[in-house]
file model.cif (mmCIF, C-alpha atoms)
data_upload
#
loop_
_atom_site.label_atom_id
_atom_site.label_comp_id
_atom_site.auth_asym_id
_atom_site.auth_seq_id
_atom_site.Cartn_x
_atom_site.Cartn_y
_atom_site.Cartn_z
CA MET A 95 -3.87 -25.86 -6.77
CA THR A 96 -2.36 -28.24 -9.31
CA GLY A 97 -0.46 -25.54 -11.21
CA ASP A 98 0.55 -21.87 -11.06
CA ARG A 99 -2.09 -19.34 -12.20
CA ASN A 100 -1.54 -17.24 -15.32
CA PHE A 101 -3.86 -14.23 -15.75
CA ASP A 102 -3.52 -13.87 -19.53
CA ASP A 103 -7.22 -14.73 -19.93
CA LEU A 104 -8.41 -12.26 -17.28
CA ALA A 105 -5.81 -9.48 -17.33
CA HIS A 106 -8.18 -6.61 -18.19
CA LYS A 107 -10.86 -7.81 -15.76
CA PHE A 108 -8.23 -8.28 -13.07
CA VAL A 109 -7.00 -4.71 -13.49
CA LYS A 110 -10.55 -3.31 -13.30
CA ASN A 111 -11.73 -5.40 -10.34
CA ILE A 112 -8.57 -5.36 -8.24
CA TYR A 113 -6.79 -2.11 -9.01
CA GLY A 114 -9.74 0.06 -10.04
CA SER A 115 -11.69 -0.37 -6.79
CA GLY A 116 -11.90 0.71 -3.18
CA LYS A 117 -10.22 -2.56 -2.25
CA GLY A 118 -7.24 -1.58 -4.37
CA ASP A 119 -7.15 1.91 -2.86
CA ILE A 120 -6.91 0.50 0.68
CA ARG A 121 -4.21 -1.93 -0.39
CA GLN A 122 -2.20 0.82 -2.05
CA ARG A 123 -2.36 3.10 0.95
CA VAL A 124 -1.45 0.72 3.78
CA VAL A 125 1.23 -1.17 1.86
CA TRP A 126 2.82 2.08 0.64
CA GLU A 127 3.07 3.22 4.25
CA ASP A 128 5.19 0.10 4.88
CA ILE A 129 7.28 0.67 1.76
CA GLU A 130 8.09 4.17 2.96
CA GLN A 131 9.56 2.53 6.07
CA ILE A 132 11.51 0.09 3.92
CA LEU A 133 12.99 2.93 1.87
CA LYS A 134 14.12 4.65 5.07
CA THR A 135 15.76 1.40 6.23
CA VAL A 136 17.50 0.29 3.02
CA THR A 137 20.02 2.96 2.09
CA SER A 138 22.52 3.29 -0.74
CA GLU A 139 24.61 5.99 -2.43
CA HIS A 140 22.96 4.98 -5.70
CA PRO A 141 19.35 4.45 -6.79
CA LEU A 142 18.05 1.18 -5.41
CA HIS A 143 17.43 -1.85 -7.62
CA ILE A 144 13.90 -3.15 -7.01
CA LEU A 145 12.73 -6.58 -8.15
CA ASP A 146 8.95 -6.64 -8.61
CA ALA A 147 8.31 -10.39 -8.90
CA GLY A 148 4.96 -11.32 -10.40
CA GLY A 149 4.42 -7.58 -10.42
CA GLY A 150 1.41 -7.23 -12.71
CA LEU A 151 0.92 -3.52 -13.44
CA GLY A 152 3.69 -2.59 -11.03
CA GLN A 153 1.61 0.03 -9.26
CA LEU A 154 3.77 0.22 -6.14
CA SER A 155 7.07 -0.23 -7.94
CA ARG A 156 6.11 2.66 -10.22
CA GLN A 157 5.78 4.85 -7.15
CA MET A 158 9.29 3.73 -6.20
CA ALA A 159 10.55 4.44 -9.72
CA ARG A 160 9.14 7.97 -9.48
CA LEU A 161 11.54 8.46 -6.57
CA GLY A 162 14.44 7.61 -8.87
CA HIS A 163 14.89 3.87 -8.27
CA ARG A 164 15.44 1.18 -10.92
CA VAL A 165 12.91 -1.65 -11.29
CA THR A 166 13.03 -5.11 -12.80
CA LEU A 167 9.48 -6.39 -13.18
CA CYS A 168 8.65 -9.95 -14.17
CA ASP A 169 5.30 -11.61 -14.74
CA ILE A 170 4.15 -14.93 -16.15
CA SER A 171 1.36 -13.14 -18.06
CA SER A 172 2.32 -11.45 -21.33
CA GLU A 173 -1.01 -9.57 -21.24
CA MET A 174 -0.25 -8.11 -17.82
CA LEU A 175 3.21 -7.09 -19.00
CA ALA A 176 1.73 -5.34 -22.03
CA LEU A 177 -0.63 -3.39 -19.76
CA ALA A 178 2.24 -2.58 -17.40
CA GLN A 179 4.34 -1.28 -20.29
CA LYS A 180 1.59 1.14 -21.27
CA GLU A 181 1.35 2.48 -17.71
CA ILE A 182 5.14 2.75 -17.38
CA ASP A 183 5.44 4.62 -20.68
CA ALA A 184 2.55 6.95 -19.75
CA ASP A 185 4.33 7.78 -16.49
CA GLY A 186 7.57 8.58 -18.29
CA LEU A 187 9.42 5.80 -16.44
CA THR A 188 10.47 3.64 -19.39
CA ASP A 189 14.21 4.12 -18.87
CA GLN A 190 13.97 2.98 -15.24
CA TYR A 191 12.22 -0.30 -16.00
CA ARG A 192 13.22 -3.68 -17.32
CA LEU A 193 10.32 -6.05 -18.06
CA ILE A 194 10.88 -9.81 -18.14
CA HIS A 195 8.30 -12.34 -19.33
CA CYS A 196 8.85 -15.26 -16.95
CA PRO A 197 7.45 -16.84 -13.80
CA ALA A 198 8.73 -15.46 -10.51
CA GLN A 199 10.71 -18.62 -9.75
CA SER A 200 12.77 -18.17 -12.93
CA VAL A 201 13.64 -14.48 -12.68
CA GLY A 202 16.94 -15.20 -10.90
CA GLN A 203 18.30 -16.50 -14.21
CA HIS A 204 17.96 -12.97 -15.63
CA ILE A 205 19.57 -11.06 -12.75
CA ASP A 206 23.36 -10.76 -12.51
CA GLU A 207 23.72 -9.26 -9.03
CA PRO A 208 21.77 -9.13 -5.77
CA VAL A 209 18.89 -6.66 -5.61
CA ASP A 210 18.23 -4.13 -2.85
CA ILE A 211 14.52 -4.84 -2.41
CA VAL A 212 12.20 -7.58 -3.65
CA LEU A 213 8.44 -7.03 -3.89
CA PHE A 214 6.37 -10.21 -3.93
CA HIS A 215 2.74 -9.21 -3.66
CA ALA A 216 -0.39 -11.36 -3.98
CA VAL A 217 1.36 -14.13 -5.90
CA MET A 218 1.93 -16.99 -3.46
CA GLU A 219 -1.77 -17.85 -3.14
CA TRP A 220 -1.81 -18.60 -6.88
CA LEU A 221 1.18 -20.95 -6.75
CA ALA A 222 1.07 -24.72 -6.41
CA ASP A 223 4.14 -24.70 -4.11
CA PRO A 224 4.77 -21.18 -2.77
CA LYS A 225 7.52 -21.76 -0.19
CA PRO A 226 10.41 -22.56 -2.58
CA VAL A 227 9.39 -19.71 -4.89
CA LEU A 228 9.47 -17.21 -2.04
CA GLN A 229 12.79 -18.47 -0.75
CA SER A 230 14.37 -18.42 -4.22
CA LEU A 231 13.47 -14.72 -4.46
CA LEU A 232 14.79 -14.00 -0.97
CA ASP A 233 18.11 -15.53 -2.04
CA ILE A 234 18.47 -12.75 -4.64
CA VAL A 235 18.36 -9.96 -2.03
CA ARG A 236 21.65 -8.50 -0.80
CA VAL A 237 22.62 -8.44 2.85
CA GLY A 238 21.03 -5.34 4.35
CA GLY A 239 18.35 -5.38 1.66
CA ALA A 240 14.67 -5.98 2.27
CA ALA A 241 11.72 -8.11 1.23
CA SER A 242 8.16 -6.82 0.91
CA VAL A 243 5.77 -9.79 0.89
CA MET A 244 1.98 -9.74 0.68
CA PHE A 245 -0.20 -12.86 0.75
CA TYR A 246 -3.84 -13.91 0.97
CA ASN A 247 -4.58 -14.63 4.61
CA GLN A 248 -6.15 -18.01 5.38
CA HIS A 249 -7.52 -16.72 8.70
CA GLY A 250 -9.30 -13.90 6.89
CA LEU A 251 -10.75 -16.34 4.36
CA VAL A 252 -12.13 -18.59 7.10
CA PHE A 253 -13.54 -15.63 9.04
CA LYS A 254 -15.26 -14.21 5.94
CA ASN A 255 -16.99 -17.54 5.32
CA LEU A 256 -18.01 -17.83 8.96
CA ILE A 257 -19.68 -14.43 9.18
CA CYS A 258 -21.42 -15.06 5.84
CA GLY A 259 -22.92 -18.23 7.30
CA ASN A 260 -21.00 -20.63 5.05
CA LEU A 261 -20.47 -22.99 7.98
CA GLU A 262 -20.85 -26.19 6.02
CA HIS A 263 -18.29 -24.95 3.50
CA VAL A 264 -15.83 -24.29 6.34
CA MET A 265 -16.55 -27.64 8.00
CA ASN A 266 -15.86 -29.36 4.67
CA GLY A 267 -12.44 -27.72 4.44
CA MET A 268 -13.55 -24.99 2.01
CA PRO A 269 -13.25 -27.00 -1.23
CA HIS A 270 -12.54 -25.24 -4.53
CA LYS A 271 -15.41 -23.21 -6.02
CA LYS A 272 -14.94 -22.61 -9.74
CA ARG A 273 -17.13 -19.50 -9.95
CA PHE A 274 -14.69 -17.22 -8.07
CA LYS A 275 -12.11 -16.71 -10.81
CA LEU A 276 -10.40 -13.68 -9.26
CA GLN A 277 -10.56 -14.85 -5.65
CA PRO A 278 -7.91 -17.29 -4.45
CA GLN A 279 -9.39 -20.55 -3.25
CA LYS A 280 -6.96 -20.92 -0.39
CA GLY A 281 -4.86 -18.56 1.67
CA LEU A 282 -1.61 -18.95 3.52
CA LEU A 283 -1.13 -19.19 7.26
CA PRO A 284 0.77 -16.09 8.44
CA GLU A 285 2.87 -18.07 10.90
CA ASP A 286 4.11 -20.25 8.01
CA VAL A 287 5.10 -17.26 5.86
CA TYR A 288 6.90 -15.51 8.72
CA LEU A 289 8.86 -18.73 9.40
CA TRP A 290 9.83 -19.14 5.73
CA ILE A 291 11.15 -15.58 5.68
CA GLU A 292 13.13 -16.05 8.89
CA GLU A 293 14.57 -19.35 7.62
CA SER A 294 16.01 -17.38 4.69
CA GLY A 295 18.04 -15.19 7.04
CA PHE A 296 15.66 -12.24 7.35
CA ASP A 297 14.52 -10.33 10.41
CA VAL A 298 10.79 -9.52 10.19
CA LYS A 299 10.36 -5.81 10.93
CA GLY A 300 6.70 -5.13 10.23
CA LYS A 301 3.30 -6.76 9.75
CA THR A 302 0.20 -5.08 8.34
CA GLY A 303 -3.34 -6.30 7.79
CA VAL A 304 -4.68 -5.28 4.39
CA ARG A 305 -8.45 -4.64 4.56
CA THR A 306 -8.95 -5.56 8.20
CA PHE A 307 -12.68 -4.70 8.21
CA HIS A 308 -13.70 -3.30 4.82
CA ASP A 309 -14.52 -6.68 3.29
CA TYR A 310 -16.55 -7.73 6.34
CA MET A 311 -18.86 -4.70 6.36
CA GLN A 312 -22.55 -5.36 5.80
CA LYS A 313 -23.86 -4.54 2.35
CA THR A 314 -26.86 -2.82 3.94
CA ARG A 315 -25.61 0.21 5.85
CA THR A 316 -26.53 0.59 9.51
CA GLY A 317 -24.56 3.83 9.83
CA GLU A 318 -23.44 6.71 7.65
CA TYR A 319 -19.82 6.93 6.58
CA THR A 320 -17.61 7.92 3.68
CA PHE A 321 -14.95 5.88 1.93
CA GLU A 322 -12.36 8.35 3.21
CA GLN A 323 -13.36 7.38 6.75
CA VAL A 324 -12.98 3.70 5.87
CA LEU A 325 -9.56 4.41 4.42
CA GLU A 326 -8.47 6.37 7.48
CA LEU A 327 -9.61 3.71 9.94
CA GLU A 328 -8.02 0.92 7.89
CA SER A 329 -4.75 2.83 8.14
CA GLN A 330 -5.16 3.31 11.89
CA LEU A 331 -6.06 -0.29 12.75
CA CYS A 332 -4.03 -2.33 10.27
CA ARG A 333 -0.94 -2.79 12.47
CA GLN A 334 -2.83 -3.52 15.69
CA GLU A 335 -4.04 -6.89 16.90
CA PRO A 336 -6.55 -8.42 16.57
CA TYR A 337 -7.33 -6.44 13.41
CA LEU A 338 -3.95 -7.16 11.78
CA SER A 339 -4.50 -10.92 11.80
CA LEU A 340 -8.00 -10.58 10.32
CA GLY A 341 -6.81 -8.76 7.20
CA ARG A 342 -7.91 -10.35 3.93
CA TYR A 343 -4.26 -10.00 2.97
CA ILE A 344 -1.23 -9.54 5.17
CA HIS A 345 1.80 -7.51 4.18
CA THR A 346 5.08 -8.15 5.97
CA TRP A 347 8.50 -6.69 5.43
CA ALA A 348 11.87 -7.95 6.58
CA VAL A 349 15.57 -7.12 6.36
CA LYS A 350 18.26 -9.61 5.36
CA GLN A 351 20.85 -10.17 8.09
#
call {"tool": "encode", "arguments": {"input": "model.cif", "output": "structure tokens"}}
result
Amino acid sequence: MTGDRNFDDLAHKFVKNIYGSGKGDIRQRVVWEDIEQILKTVTSEHPLHILDAGGGLGQLSRQMARLGHRVTLCDISSEMLALAQKEIDADGLTDQYRLIHCPAQSVGQHIDEPVDIVLFHAVMEWLADPKPVLQSLLDIVRVGGAASVMFYNQHGLVFKNLICGNLEHVMNGMPHKKRFKLQPQKGLLPEDVYLWIEESGFDVKGKTGVRTFHDYMQKTRTGEYTFEQVLELESQLCRQEPYLSLGRYIHTWAVKQ
């Protein structure tokens, strides 16, 4: 990528295709299971301060706000922020939120003290240079606080193309295809992301594959199943290898030492 992606032009389509789908339901379930572990690990006498960086609609941070925590949500897209505000108001969480219109790498200028938890979900794959953005956000977290990071998995992208028979595309290095507006053109290598997090003084505590098999299932059914069964098996397999490393996304969480 030559520049960071702004979803102003596709905000409503993004919400429908990503959040209003089975893919979004799987993502919500398995990542929330991790966040529950984070909330058990990061303790405080007061409500936690959550930074939702590039947070879009803030679906997961709204679940955290319902538990009484405070949230600062930033996004580069004014359209996404407007949609988020509607959802926040409808949930009766307005007083617990602060919305900031800025890119993730600039949000530190608007925060006066370290935060307890930073959420950075499905943003890095849209950035021209993700490493410094991630590490600038990790710098904002207090000692003993946590980072929740989700990214598009390069291994999953390669595997998807292989099983679809796009061998020439893979052999050519998977060049950019303009027609996939809502699908990142390149993922991140998990080993790189884990290293960046550790270099920032964090101890990685958990790793979860997000959609470890759902996206690879044949469009023509060879067996009978329900979506609830898919959801249950995704939850069972997502923290086990080799399924974890085949997730279309990977969610990892870490605690600052």
call {"tool": "resolve_selection", "arguments": {"input": "model.cif", "expression": "the PyMOL selection byres ((chain A and resi 216) around 6)", "output": "list in words"}}
result
His215, Val217, Met244 and Phe245 of chain A
call {"tool": "closest_residue", "arguments": {"input": "model.cif", "among": "A:His270, A:Arg192, A:His249, A:Lys180", "to": "Thr166 in chain A", "atoms": "only C-alpha atoms"}}
result
A:Arg192
call {"tool": "resolve_selection", "arguments": {"input": "model.cif", "expression": "the PyMOL selection byres ((chain A and resi 243) around 7)", "output": "MDAnalysis selection string"}}
result
chainID A and resid 213:215 241:242 244:245 345:347
call {"tool": "write_last_selection", "arguments": {"input": "model.cif", "atoms": "C-alpha atoms", "output": "mmCIF file, in the coordinates of the input"}}
result
data_model
loop_
_atom_site.group_PDB
_atom_site.id
_atom_site.type_symbol
_atom_site.label_atom_id
_atom_site.label_comp_id
_atom_site.auth_asym_id
_atom_site.auth_seq_id
_atom_site.Cartn_x
_atom_site.Cartn_y
_atom_site.Cartn_z
ATOM 1 C CA LEU A 213 8.440 -7.030 -3.890
ATOM 2 C CA PHE A 214 6.370 -10.210 -3.930
ATOM 3 C CA HIS A 215 2.740 -9.210 -3.660
ATOM 4 C CA ALA A 241 11.720 -8.110 1.230
ATOM 5 C CA SER A 242 8.160 -6.820 0.910
ATOM 6 C CA MET A 244 1.980 -9.740 0.680
ATOM 7 C CA PHE A 245 -0.200 -12.860 0.750
ATOM 8 C CA HIS A 345 1.800 -7.510 4.180
ATOM 9 C CA THR A 346 5.080 -8.150 5.970
ATOM 10 C CA TRP A 347 8.500 -6.690 5.430
#
call {"tool": "resolve_selection", "arguments": {"input": "model.cif", "expression": "the PyMOL selection byres ((chain A and resi 223-227) around 8)", "output": "MDAnalysis selection string"}}
result
chainID A and resid 198:199 218:219 221:222 228:231 287 290
call {"tool": "closest_residue", "arguments": {"input": "model.cif", "among": "A:Val165, A:Leu338, A:Ile170, A:Leu325", "to": "Thr306 in chain A", "atoms": "only C-alpha atoms"}}
result
A:Leu338
call {"tool": "atom_distance", "arguments": {"input": "model.cif", "atom1": "CA of Leu133 in chain A", "atom2": "CA of Ala176 in chain A"}}
result
27.7 Å
call {"tool": "atom_distance", "arguments": {"input": "model.cif", "atom1": "CA of His143 in chain A", "atom2": "CA of Val304 in chain A"}}
result
25.4 Å
call {"tool": "atom_distance", "arguments": {"input": "model.cif", "atom1": "CA of Ser294 in chain A", "atom2": "CA of Ala147 in chain A"}}
result
17.1 Å
call {"tool": "closest_residue", "arguments": {"input": "model.cif", "among": "A:Phe307, A:Cys196, A:Glu207, A:Gly250", "to": "Arg236 in chain A", "atoms": "all atoms listed in the file"}}
result
A:Glu207
call {"tool": "residues_around", "arguments": {"input": "model.cif", "residues": "range 158-160 of chain A", "least_positions_apart": "6", "cutoff": "12 Å", "atoms": "all atoms listed in the file", "output": "VMD selection string"}}
result
chain A and resid 126 129 to 130 132 to 133 141 to 146 152 166 to 167 182 185 to 192 211 to 213
call {"tool": "closest_residue", "arguments": {"input": "model.cif", "among": "A:Val324, A:Tyr246, A:Ser200, A:Ile120", "to": "Ser339 in chain A", "atoms": "all atoms listed in the file"}}
result
A:Tyr246
call {"tool": "closest_residue", "arguments": {"input": "model.cif", "among": "A:Asp119, A:Glu326, A:Asp206, A:Asp297", "to": "Val349 in chain A", "atoms": "all atoms listed in the file"}}
result
A:Asp297
call {"tool": "closest_residue", "arguments": {"input": "model.cif", "among": "A:Asn266, A:Thr320, A:Gln131, A:Gln277", "to": "His308 in chain A", "atoms": "all atoms listed in the file"}}
result
A:Thr320
call {"tool": "residues_around", "arguments": {"input": "model.cif", "residues": "Gly239 in chain A", "least_positions_apart": "4", "cutoff": "8 Å", "atoms": "all atoms listed in the file", "output": "PyMOL selection string"}}
result
chain A and resi 136+209-211+235+349-350
